[in-house]
Amino acid sequence: MIKKLSRPFGLLVAAATAIALAGCAPQDTAAEQNEAEAKPTIVATTNVWASVLSQVAGDHFDVIALIDNPTIDPHSYEASARDQLAVTEASMFVMNGGGYDEFALSPGICCRHRGNERLRNS
C-alpha cells in the first residue's frame with residue numbers, strides 16, 4: 001500500500017518543485033520592455049513646429065506640441081504644469097523665438113529642460 005501512495009506523492013512533489021522553480025526564472029517586466037522600446041521625445045512650442053519636426057524625425061522620435069490647437073494665440077499662452085513636465089522630460093525642446101512664443105522663455109519652461117539646451121529660430 002505504501003508503494004502505491006509513494007509514486008503519486010513523488011509526482012506531486014516533482015510537479016510542485018517544477019512550478020516553484022519556474023516562478024524563479026528572470027522575466028522582463030512590462031516597465032523594462034517599455035523602457036527598451038521608448039523613443040526620445042522632442043517638444044515644440046507650437047503645432048506648426050511639431051509638424052515639421054515629425055516629418056524630419058520620422059518614426060525615430062515622439063514629437064509633442066505644447067500648443068496643439070491652432071486657435072490658441074502663442075503670444076498670450078501660459079504654460080501649464082503638464083507643459084513644464086513635458087519640457088523637463090524631453091530630449092529636445094524647440095521654440096520659434098522672435099517674440100512669437102515668449103511663454104517658452106519663462107523660468108518654468110526654458111530653465112526646466114535638461115542642460116537648458118534650446119533650439120531657436122530667430
# chains A, B, ... in the order shown; residues from 1 in each chain; ligands from 1
>>> select_by_dssp(residues="region 57-118 of chain A", states="strand (DSSP E or B)", output="NGL selection string")
:A and (62-67 or 92-95)
>>> atom_distance(atom1="CA of Ala57 (chain A)", atom2="CA of Gly99 (chain A)")
25.7 Å
>>> atom_distance(atom1="CA of Lys39 (chain A)", atom2="CA of Leu85 (chain A)")
16.8 Å
>>> closest_residue(among="A:Met95, A:Ala38, A:Ile64, A:Ala79", to="Pro107 (chain A)", atoms="only C-alpha atoms")
A:Ala79
>>> atom_distance(atom1="CA of Val52 (chain A)", atom2="CA of Gln84 (chain A)")
21.6 Å
>>> closest_residue(among="A:Phe93, A:Val43, A:Glu37, A:Ala81", to="His60 (chain A)", atoms="only C-alpha atoms")
A:Glu37
